[in-house]
Amino acid sequence: MLARTCLRSTRAFASARNGAVHFSKRAASSSSSGAAADAAPVGLNVAAAAATAVAAGSIAWYYHLYGPTAHAMTPAEEGLHPAKYPWVHEQMFKTFDHQALRRGFQVYREVCASCHSLSRVPYRALVGTILTVDEAKALAEENEYDNEPNDEGIIEKRPGKLADYLPAPYPNDEAARFANNGALPPDLSLITKARHGGCNYIFSLLTGYPDEPPAGAQVGSGLNFNPYFPGTGIAMARVLYDGLVDYEDETPASTSQMAKDVVEFLNWAAEPEMDDRKRMGMKVLVCTTVLFALSVWVKRYKWANVKSRKIAYDPPKPAKTRE
Amino acid sequence: MGFWDTIADMVEAATPWVTAEAEAPTQESTEETTVEATKEEETATKEAAEEPAEEEEEEEEEEEEDDEDDEDEIVDPKEKFEEECRESKQCSGVKHHFDECVERVTNASEQDGAKEDCVEEFFHLAHCATQCAAPKLWSALK
């Protein structure tokens with residue numbers, strides 16, 4: 001049916017193209033014979049042509065209204081999209097490189113922590129993944145936390161425990177803004193999940209500060225040019241410089257090495273369950289493949305009778321006719 | 001009990017998914033175990049000791065390479081690779097556009113204030129360079 005209607009519509013379209021000649025012919029022929037019988041095809045052709053014209057017109061109108069996408073933002077406002085880096089820990093069966101996490105935590109503590117909080121990560125989460133128990137305890141005890149109210153209802157300070165969370169550099173957002181010229185350094189606990197581009201974006205942002213902004217670029221006062229930041233004007237200045245951190249495993253601390261380590265650490269902070277999640281995924285794959293193979297074999301076993309059965313048609317022998 | 005412990009230890013030493021403890025195991029537990037068990041443990045630890053020895057050799061090699069790097073000042077591999085990529089044939093087109101834009105804008109700004117910027121051209125060049133340098137950079141970083 002569809003094919004037939006299509007054919008008919010093209011025919012109608014063809015008639016619409018050289019309409020004048022066609023119609024006059026039909027009109028001439030219709031005048032001689034019965035008018036009611038021949039008027040119908042002309043009317044149908046006109047209707048088909050009109051419907052086609054309306055259909056095409058409505059498509060054109062729609063495209064005119066909604067077709068072209070409007071880019072309200074310039075590329076500078078959009079920000080440069082980061083290149084895709086081949087992160088090992090993003091592969092399907094790979095874990096975090098825990099040596100890198102350790103280095104990354106060192107970078108966070110020595111560089112980032114002066115402005116950025118990591119408020120959702122407790123010391124206990126670091127144990128076994130980044131630090132040993134003793135190291136984590138020693139680190140926790142360096143900071144003071146509010147104790148339970150004592151007998152007089154006064155809240156005193158106590159050294160930190162493993163259950164405490166990493167301390168924030170500022171007591172609240174207002175203090176953070178005041179100390180940073182009005183810009184709020186975001187909390188880094190979930191930052192790799194909270195930004196488009198994830199790890200690639202943060203790595204590119206940290207390492208992507210050019211020596212000087214390109215010619216003609218407008219950089220606001222107190223801002224720095226970074227192509228990856230939407231709007232290109234970022235309040236954070238470049239912080240990672242070659243040799244800023246002395247790694248305990250004597251890895252050369254180039255800017256990109258530090259950025260890579262700290263980004264992997266931040267990815268760990270955002271999804272500490274990743275290693276377990278991948279291990280669970282592997283278990284699921286193993287179990288389901290075993291069960292699938294088993295089910296295939298059971299099916300073959302159960303169907304063996306049916307599959308090997310042969311149905312033969314044994315036609316009745318023609319009855320011997322009596323002579 | 002002792003017999004099954006040794007079996008478990010040997011299995012643990014042989015299997016690749018040995019659990020790593022955050023804390024070193026305490027000394028007291030080894031003293032309490034029987035003499036037989038410790039003998040079996042020794043054999044197990046000997047087996048296990050072969051693997052770390054190989055790892056150490058690898059680490060030493062890496063350290064030697066690192067030392068060579070340390071002798072001259074640390075050069076950021078990202079800068080190096082991206083500079084190479086910017087000069088490469090792959091990015092010659094966008095580099096040409098960027099250079100031309102910089103020249104045009106600097107000339108215009110000297111005369112009567114620039115009306116355009118080179119951000120878009122810079123983006124294209126940076127995109128090309130980072131894309132080209134990404135795999136090389138990751139093979140250079142630890």
# chains A, B, ... in the order shown; residues from 1 in each chain; ligands from 1
>>> closest_atom_pairs(of="chain A", to="chain B", cutoff="7 Å", atoms="only C-alpha atoms", output="Markdown table")
| residue | atom | partner | partner_atom | distance |
| --- | --- | --- | --- | --- |
| A:Pro75 | CA | B:Glu120 | CA | 6.3 |
| A:Ala76 | CA | B:Val119 | CA | 6.5 |
| A:Leu80 | CA | B:Phe123 | CA | 6.1 |
| A:Ala83 | CA | B:Gln131 | CA | 5.3 |
| A:Tyr85 | CA | B:Ala134 | CA | 5.6 |
| A:Pro86 | CA | B:Pro135 | CA | 6.7 |
| A:Val127 | CA | B:Ala22 | CA | 6.9 |
| A:Gly128 | CA | B:Ala22 | CA | 4.6 |
| A:Thr132 | CA | B:Ala22 | CA | 5.5 |
| A:Val133 | CA | B:Glu23 | CA | 6.7 |
| A:Pro214 | CA | B:Cys118 | CA | 5.8 |
| A:Ala215 | CA | B:Val102 | CA | 5.6 |
| A:Gly216 | CA | B:Asp117 | CA | 4.1 |
| A:Ala217 | CA | B:Asp117 | CA | 5.2 |
| A:Asp242 | CA | B:Ile74 | CA | 6.4 |
| A:Gly243 | CA | B:Ile74 | CA | 6.9 |
| A:Thr251 | CA | B:Asp66 | CA | 6.9 |
| A:Pro252 | CA | B:Ile74 | CA | 6.7 |
| A:Ser254 | CA | B:Asp76 | CA | 5.0 |
| A:Thr255 | CA | B:Asp76 | CA | 6.0 |
| A:Ser256 | CA | B:Lys78 | CA | 6.2 |
| A:Gln257 | CA | B:Leu141 | CA | 6.1 |
>>> write_last_selection(atoms="all heavy atoms", output="tab-separated table (two decimals), in the first residue's frame")
chain	number	residue	atom	x	y	z
A	75	PRO	N	33.34	30.26	21.00
A	75	PRO	CA	34.21	29.19	21.50
A	75	PRO	C	34.90	29.55	22.81
A	75	PRO	O	35.10	28.68	23.67
A	75	PRO	CB	35.22	29.03	20.37
A	75	PRO	CG	34.54	29.53	19.17
A	75	PRO	CD	33.61	30.59	19.61
A	76	ALA	N	35.22	30.82	22.98
A	76	ALA	CA	35.90	31.23	24.21
A	76	ALA	C	35.00	31.05	25.41
A	76	ALA	O	35.44	30.63	26.49
A	76	ALA	CB	36.34	32.69	24.11
A	80	LEU	N	37.80	25.45	25.77
A	80	LEU	CA	38.39	24.43	24.91
A	80	LEU	C	38.12	23.05	25.50
A	80	LEU	O	38.33	22.82	26.69
A	80	LEU	CB	39.90	24.67	24.80
A	80	LEU	CG	40.72	23.65	24.01
A	80	LEU	CD1	40.21	23.52	22.60
A	80	LEU	CD2	42.18	24.06	24.00
A	83	ALA	N	41.71	17.25	25.45
A	83	ALA	CA	42.05	16.04	24.70
A	83	ALA	C	41.79	14.83	25.59
A	83	ALA	O	41.80	14.93	26.81
A	83	ALA	CB	43.51	16.08	24.28
A	85	TYR	N	42.93	11.71	27.31
A	85	TYR	CA	44.18	11.06	27.71
A	85	TYR	C	43.93	9.59	28.04
A	85	TYR	O	42.88	9.26	28.59
A	85	TYR	CB	44.80	11.78	28.90
A	85	TYR	CG	45.34	13.13	28.54
A	85	TYR	CD1	44.61	14.28	28.81
A	85	TYR	CD2	46.55	13.26	27.88
A	85	TYR	CE1	45.09	15.54	28.45
A	85	TYR	CE2	47.03	14.50	27.53
A	85	TYR	CZ	46.31	15.62	27.82
A	85	TYR	OH	46.79	16.84	27.45
A	86	PRO	N	44.88	8.72	27.73
A	86	PRO	CA	44.67	7.28	27.98
A	86	PRO	C	44.90	6.89	29.44
A	86	PRO	O	45.86	6.21	29.77
A	86	PRO	CB	45.69	6.61	27.06
A	86	PRO	CG	46.78	7.61	26.91
A	86	PRO	CD	46.15	8.96	27.01
A	127	VAL	N	43.21	4.86	54.81
A	127	VAL	CA	43.91	3.69	55.34
A	127	VAL	C	43.78	2.53	54.36
A	127	VAL	O	42.68	2.20	53.91
A	127	VAL	CB	43.34	3.28	56.71
A	127	VAL	CG1	43.96	1.99	57.19
A	127	VAL	CG2	43.55	4.39	57.71
A	128	GLY	N	44.91	1.95	54.01
A	128	GLY	CA	44.88	0.77	53.16
A	128	GLY	C	44.89	1.09	51.69
A	128	GLY	O	45.28	0.27	50.88
A	132	THR	N	49.25	3.96	55.47
A	132	THR	CA	49.08	2.88	56.43
A	132	THR	C	48.31	3.43	57.63
A	132	THR	O	48.11	4.64	57.75
A	132	THR	CB	50.42	2.33	56.92
A	132	THR	OG1	51.10	3.40	57.59
A	132	THR	CG2	51.28	1.86	55.77
A	133	VAL	N	47.89	2.56	58.51
A	133	VAL	CA	47.10	2.99	59.67
A	133	VAL	C	47.87	4.01	60.49
A	133	VAL	O	47.34	5.07	60.86
A	133	VAL	CB	46.74	1.78	60.55
A	133	VAL	CG1	46.06	2.26	61.80
A	133	VAL	CG2	45.86	0.82	59.81
A	214	PRO	N	46.68	34.49	24.21
A	214	PRO	CA	46.81	34.80	22.79
A	214	PRO	C	46.44	36.25	22.50
A	214	PRO	O	45.72	36.87	23.27
A	214	PRO	CB	45.83	33.83	22.13
A	214	PRO	CG	44.90	33.42	23.18
A	214	PRO	CD	45.67	33.46	24.45
A	215	ALA	N	46.97	36.74	21.38
A	215	ALA	CA	46.83	38.17	21.06
A	215	ALA	C	45.37	38.56	21.03
A	215	ALA	O	44.54	37.86	20.48
A	215	ALA	CB	47.47	38.45	19.71
A	216	GLY	N	45.05	39.69	21.65
A	216	GLY	CA	43.71	40.24	21.58
A	216	GLY	C	42.74	39.70	22.60
A	216	GLY	O	41.63	40.19	22.72
A	217	ALA	N	43.15	38.65	23.36
A	217	ALA	CA	42.22	38.06	24.33
A	217	ALA	C	42.03	39.01	25.51
A	217	ALA	O	42.98	39.63	25.98
A	217	ALA	CB	42.77	36.72	24.83
A	242	ASP	N	57.29	22.90	37.71
A	242	ASP	CA	58.23	21.77	37.75
A	242	ASP	C	59.00	21.77	39.07
A	242	ASP	O	59.52	22.80	39.49
A	242	ASP	CB	59.21	21.85	36.58
A	242	ASP	CG	58.49	21.60	35.26
A	242	ASP	OD1	57.43	20.96	35.30
A	242	ASP	OD2	58.99	22.05	34.22
A	243	GLY	N	59.06	20.62	39.70
A	243	GLY	CA	59.88	20.45	40.90
A	243	GLY	C	59.27	21.08	42.15
A	243	GLY	O	59.98	21.35	43.11
A	251	THR	N	60.12	10.14	42.07
A	251	THR	CA	59.63	10.38	40.72
A	251	THR	C	59.93	11.83	40.36
A	251	THR	O	59.74	12.70	41.20
A	251	THR	CB	58.11	10.14	40.66
A	251	THR	OG1	57.84	8.87	41.22
A	251	THR	CG2	57.59	10.21	39.25
A	252	PRO	N	60.45	12.09	39.14
A	252	PRO	CA	60.67	13.49	38.78
A	252	PRO	C	59.36	14.27	38.77
A	252	PRO	O	58.42	13.88	38.09
A	252	PRO	CB	61.28	13.41	37.38
A	252	PRO	CG	61.12	12.02	36.92
A	252	PRO	CD	60.92	11.15	38.10
A	254	SER	N	57.60	16.67	37.48
A	254	SER	CA	57.28	17.64	36.44
A	254	SER	C	55.84	18.08	36.61
A	254	SER	O	55.07	17.44	37.32
A	254	SER	CB	57.50	17.03	35.06
A	254	SER	OG	56.68	15.91	34.91
A	255	THR	N	55.48	19.19	35.98
A	255	THR	CA	54.12	19.72	36.13
A	255	THR	C	53.08	18.69	35.75
A	255	THR	O	52.12	18.45	36.48
A	255	THR	CB	53.95	20.95	35.22
A	255	THR	OG1	54.97	21.89	35.53
A	255	THR	CG2	52.60	21.58	35.41
A	256	SER	N	53.30	18.03	34.59
A	256	SER	CA	52.29	17.09	34.13
A	256	SER	C	52.24	15.85	35.01
A	256	SER	O	51.18	15.26	35.21
A	256	SER	CB	52.53	16.71	32.67
A	256	SER	OG	53.87	16.43	32.45
A	257	GLN	N	53.39	15.45	35.57
A	257	GLN	CA	53.40	14.29	36.48
A	257	GLN	C	52.57	14.58	37.73
A	257	GLN	O	51.77	13.77	38.17
A	257	GLN	CB	54.84	13.95	36.86
A	257	GLN	CG	54.96	12.78	37.82
A	257	GLN	CD	54.62	11.46	37.17
A	257	GLN	OE1	55.12	11.11	36.12
A	257	GLN	NE2	53.71	10.73	37.79
>>> atom_distance(atom1="CA of Asn224 in chain A", atom2="CA of Tyr209 in chain A")
8.3 Å
>>> atom_distance(atom1="CA of Asn143 in chain A", atom2="CA of Ser117 in chain A")
14.2 Å
>>> residues_around(residues="Asp146 in chain A", least_positions_apart="3", cutoff="9 Å", atoms="only C-alpha atoms", output="VMD selection string")
chain A and resid 149 155 to 160
